[in-house]
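A.B. asks: Take a look at data.csv, CSV, C-alpha atoms:
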chain,number,residue,atom,x,y,z
A,1,MET,CA,92.3,93.4,60.4
A,2,ALA,CA,96.1,93.8,60.8
A,3,ILE,CA,98.5,90.9,60.3
A,4,TYR,CA,101.9,90.8,62.1
A,5,THR,CA,104.9,88.4,62.0
A,6,VAL,CA,106.5,87.9,65.4
A,7,HIS,CA,110.3,87.8,65.8
A,8,LEU,CA,111.9,86.7,69.1
A,9,PRO,CA,115.5,87.6,70.1
A,10,PRO,CA,118.0,84.8,70.2
A,11,ASP,CA,119.7,85.9,73.4
A,12,ALA,CA,116.6,86.1,75.7
A,13,SER,CA,116.7,83.5,78.4
A,14,THR,CA,113.5,84.2,80.4
A,15,PRO,CA,109.9,84.7,79.1
A,16,GLU,CA,110.0,88.3,80.5
A,17,ALA,CA,113.1,89.1,78.4
A,18,VAL,CA,111.5,87.6,75.3
A,19,ALA,CA,108.3,89.7,75.9
A,20,ASP,CA,110.3,92.9,76.3
A,21,LYS,CA,112.4,92.4,73.2
A,22,ALA,CA,109.9,90.7,70.8
A,23,VAL,CA,109.2,92.6,67.6
A,24,PHE,CA,106.0,92.6,65.6
A,25,VAL,CA,106.4,93.5,62.0
A,26,LYS,CA,103.3,94.4,60.1
A,27,GLU,CA,102.4,92.7,56.8
A,28,GLY,CA,101.4,94.8,53.8
A,29,PHE,CA,102.0,98.3,52.5
A,30,SER,CA,103.6,100.9,54.7
A,31,PHE,CA,102.3,104.4,54.1
A,32,PHE,CA,105.1,106.0,56.2
A,33,ALA,CA,107.8,104.1,54.2
A,34,PHE,CA,106.2,105.4,51.0
A,35,ALA,CA,105.8,109.0,52.2
A,36,PHE,CA,109.0,109.4,54.2
A,37,THR,CA,111.3,106.8,52.5
A,38,GLY,CA,114.7,107.9,53.8
A,39,LEU,CA,113.6,108.7,57.3
A,40,TRP,CA,111.6,105.5,57.6
A,41,LEU,CA,114.6,103.5,56.5
A,42,LEU,CA,116.7,105.2,59.1
A,43,THR,CA,114.2,104.8,61.9
A,44,LYS,CA,113.9,101.1,61.2
A,45,ARG,CA,117.8,100.8,61.2
A,46,LEU,CA,117.9,99.4,57.7
A,47,TRP,CA,121.4,100.8,57.1
A,48,LEU,CA,122.2,98.9,53.9
A,49,MET,CA,118.9,99.8,52.3
A,50,THR,CA,119.4,103.4,53.3
A,51,LEU,CA,122.7,103.5,51.6
A,52,ILE,CA,121.2,101.8,48.5
A,53,TYR,CA,118.3,104.4,48.5
A,54,ILE,CA,120.8,107.3,48.7
A,55,ALA,CA,122.9,105.8,45.9
A,56,VAL,CA,119.9,105.2,43.7
A,57,LEU,CA,118.6,108.7,44.4
A,58,GLY,CA,122.0,110.1,43.6
A,59,LEU,CA,122.1,108.2,40.3
A,60,VAL,CA,118.7,109.4,39.3
A,61,ILE,CA,119.6,113.0,40.1
A,62,ALA,CA,122.9,112.6,38.1
A,63,ALA,CA,121.0,111.0,35.1
A,64,PHE,CA,118.4,113.8,35.1
A,65,THR,CA,121.1,116.5,35.3
A,66,LEU,CA,123.2,115.0,32.6
A,67,LEU,CA,120.4,114.1,30.2
A,68,GLY,CA,118.3,117.2,30.9
A,69,LEU,CA,115.1,115.3,31.5
A,70,PRO,CA,112.0,117.2,32.6
A,71,ARG,CA,111.2,117.6,36.3
A,72,PRO,CA,107.9,115.8,36.3
A,73,ALA,CA,109.7,112.6,35.2
A,74,PHE,CA,112.0,113.0,38.3
A,75,GLY,CA,108.9,113.2,40.5
A,76,PHE,CA,107.5,110.1,38.8
A,77,ILE,CA,110.7,108.1,39.4
A,78,THR,CA,111.0,109.1,43.1
A,79,LEU,CA,107.3,108.2,43.4
A,80,LEU,CA,108.0,104.7,42.0
A,81,ILE,CA,111.0,104.3,44.4
A,82,GLY,CA,108.7,105.3,47.3
A,83,ILE,CA,106.1,102.8,46.3
A,84,LEU,CA,108.7,100.1,46.1
A,85,VAL,CA,109.9,100.9,49.6
A,86,GLY,CA,106.3,101.0,50.8
A,87,LEU,CA,105.7,97.6,49.4
A,88,GLU,CA,108.9,95.8,50.4
A,89,GLY,CA,110.0,97.7,53.5
A,90,HIS,CA,108.5,95.3,56.0
A,91,GLU,CA,110.0,92.3,54.2
A,92,TRP,CA,113.4,94.0,54.5
A,93,GLN,CA,112.8,94.3,58.2
A,94,ARG,CA,112.0,90.6,58.5
A,95,ARG,CA,115.2,89.7,56.6
A,96,LYS,CA,117.2,91.9,58.9
A,97,TYR,CA,115.9,90.1,61.9
A,98,ALA,CA,116.5,86.7,60.3
A,99,ASN,CA,120.1,87.7,59.5
A,100,MET,CA,120.6,88.7,63.1
A,101,GLY,CA,119.5,85.3,64.3
A,102,TRP,CA,116.1,86.2,65.6
A,103,VAL,CA,113.5,83.5,65.6
A,104,HIS,CA,110.4,83.8,63.5
A,105,ALA,CA,107.8,82.7,66.1
A,106,GLY,CA,104.7,82.9,64.0
A,107,THR,CA,102.0,85.2,62.5
A,108,VAL,CA,99.1,86.8,64.4
A,109,SER,CA,96.2,88.8,63.3
A,110,GLY,CA,93.8,91.2,65.1
A,111,PRO,CA,92.2,94.6,65.0
A,112,SER,CA,95.2,96.4,66.5
A,113,LEU,CA,98.8,95.8,67.5
A,114,GLU,CA,97.9,95.6,71.2
A,115,GLU,CA,95.3,92.9,70.5
A,116,CYS,CA,97.8,91.0,68.4
A,117,GLU,CA,100.4,91.2,71.1
A,118,ARG,CA,97.9,89.9,73.7
A,119,ARG,CA,96.8,87.0,71.5
A,120,PHE,CA,100.4,86.0,70.6
A,121,PHE,CA,101.7,86.1,74.2
A,122,LYS,CA,98.7,84.2,75.5
A,123,ASP,CA,99.3,81.4,73.1
A,124,TRP,CA,103.1,81.5,73.4
A,125,MET,CA,103.0,81.4,77.2
A,126,ALA,CA,100.7,78.4,77.0
A,127,SER,CA,103.0,76.6,74.6
A,128,GLN,CA,106.0,77.3,76.9
A,129,GLY,CA,104.2,75.7,79.8
A,130,ALA,CA,102.2,77.4,82.5
A,131,PRO,CA,104.3,79.0,85.2
A,132,ARG,CA,104.4,76.8,88.3
A,133,THR,CA,102.3,78.1,91.2
A,134,ALA,CA,102.7,77.2,94.8
A,135,LEU,CA,100.6,74.4,96.2
A,136,PRO,CA,98.1,75.4,98.8
A,137,PRO,CA,99.4,74.7,102.3
A,138,SER,CA,98.5,71.4,103.8
A,139,PRO,CA,96.4,71.4,107.1
A,140,SER,CA,99.5,70.4,109.1
A,141,VAL,CA,101.3,73.5,108.0
A,142,MET,CA,98.5,75.9,108.5
A,143,ALA,CA,98.7,78.4,111.3
A,144,PRO,CA,97.3,77.4,114.7
A,145,GLY,CA,93.7,78.3,115.1
A,146,ALA,CA,93.0,78.5,111.4
A,147,ALA,CA,89.9,76.5,110.5
A,148,ALA,CA,90.3,73.8,107.9
A,149,ALA,CA,87.8,73.7,105.1
A,150,PRO,CA,85.2,71.0,105.5
A,151,GLN,CA,85.9,67.9,103.3
A,152,GLY,CA,83.4,66.9,100.5
A,153,VAL,CA,81.4,70.1,100.4
A,154,LEU,CA,81.0,72.1,97.2
A,155,GLY,CA,79.6,75.6,97.0
A,156,ILE,CA,78.7,78.0,99.8
A,157,PHE,CA,76.5,75.7,101.8
A,158,PRO,CA,77.8,74.3,105.2
A,159,SER,CA,76.8,70.8,104.3
A,160,ALA,CA,76.4,68.6,101.2
A,161,ARG,CA,73.5,69.6,99.0
A,162,GLY,CA,72.4,72.4,101.4
A,163,GLN,CA,71.0,70.0,104.0
A,164,ALA,CA,71.8,70.6,107.6
Would you kindly transcribe this structure into structure tokens?
C.D. replies:
Amino acid sequence: MAIYTVHLPPDASTPEAVADKAVFVKEGFSFFAFAFTGLWLLTKRLWLMTLIYIAVLGLVIAAFTLLGLPRPAFGFITLLIGILVGLEGHEWQRRKYANMGWVHAGTVSGPSLEECERRFFKDWMASQGAPRTALPPSPSVMAPGAAAAPQGVLGIFPSARGQA
């Protein structure tokens, strides 16, 4: 079961615009952030964290070069950095959206992202108020020759309770 936080843009004026721009950020560990740290940070547009990652990686390389530490220790340090980004990456995304003025609209869970989107927008649209639909035309507005539905009859029978 996946859990997502939902972030809505501050500048969207219509429900359709909100639906197009809404962002679902997954809770929990991100394997791609762990395995492809720098690329993941770039694809998520976490510019400050990308610069910090490059700076920390540069400091680690410089420290290992100057101190002459063994290579397995360098691999261990970069593994720890990857685990940190995997654990905290989604939280950094949420903070980025909060700093940009996006509204945290809630949390939703489901077996997949599509199901979570469906659940969220179903509840969100209900809370926004159902869209107004046109009223059925009154008999005086109906086209000439159109038969009006009999009054007081329910179902498919021509008279009440199926009696002729």
A.B. asks: What lies within 12 Å of Gln128 (chain A) using only C-alpha atoms, ignoring chain neighbours under 6 positions off, as an MDAnalysis selection string?
C.D. replies: chainID A and resid 14:15 18 121:122
A.B. asks: Have a look at CA of Leu59 (chain A) and CA of Pro72 (chain A) and let me know their distance in Å, one decimal.
C.D. replies: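 So the answer is 16.6 Å.
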A.B. asks: From the list A:Glu88, A:Glu117, A:Asp20, A:Glu27, which residue is nearest Thr5 (chain A) when using only C-alpha atoms?
C.D. replies: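 Among A:Glu88, A:Glu117, A:Asp20, A:Glu27, it is A:Glu27 that comes nearest to Thr5 (chain A).
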A.B. asks: Give me, as a ChimeraX atom specification, all polymer residues having an atom no more than 12 Å from Leu46 (chain A), counting only C-alpha atoms and skipping those fewer than 2 positions away in the same chain.
C.D. replies: /A:33,37-44,48-53,85,89-97
A.B. asks: As an exercise, work out the distance from CA of Phe32 (chain A) to CA of Ile83 (chain A) in Å and give it to one decimal place.
C.D. replies: 10.5 Å
A.B. asks: For a quick check of understanding, using only C-alpha atoms, which of A:Leu79, A:Val25, A:Ala35, A:Ala17 has the smallest distance to Ala2 (chain A)?
C.D. replies: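 Among A:Leu79, A:Val25, A:Ala35, A:Ala17, it is A:Val25 that comes nearest to Ala2 (chain A).
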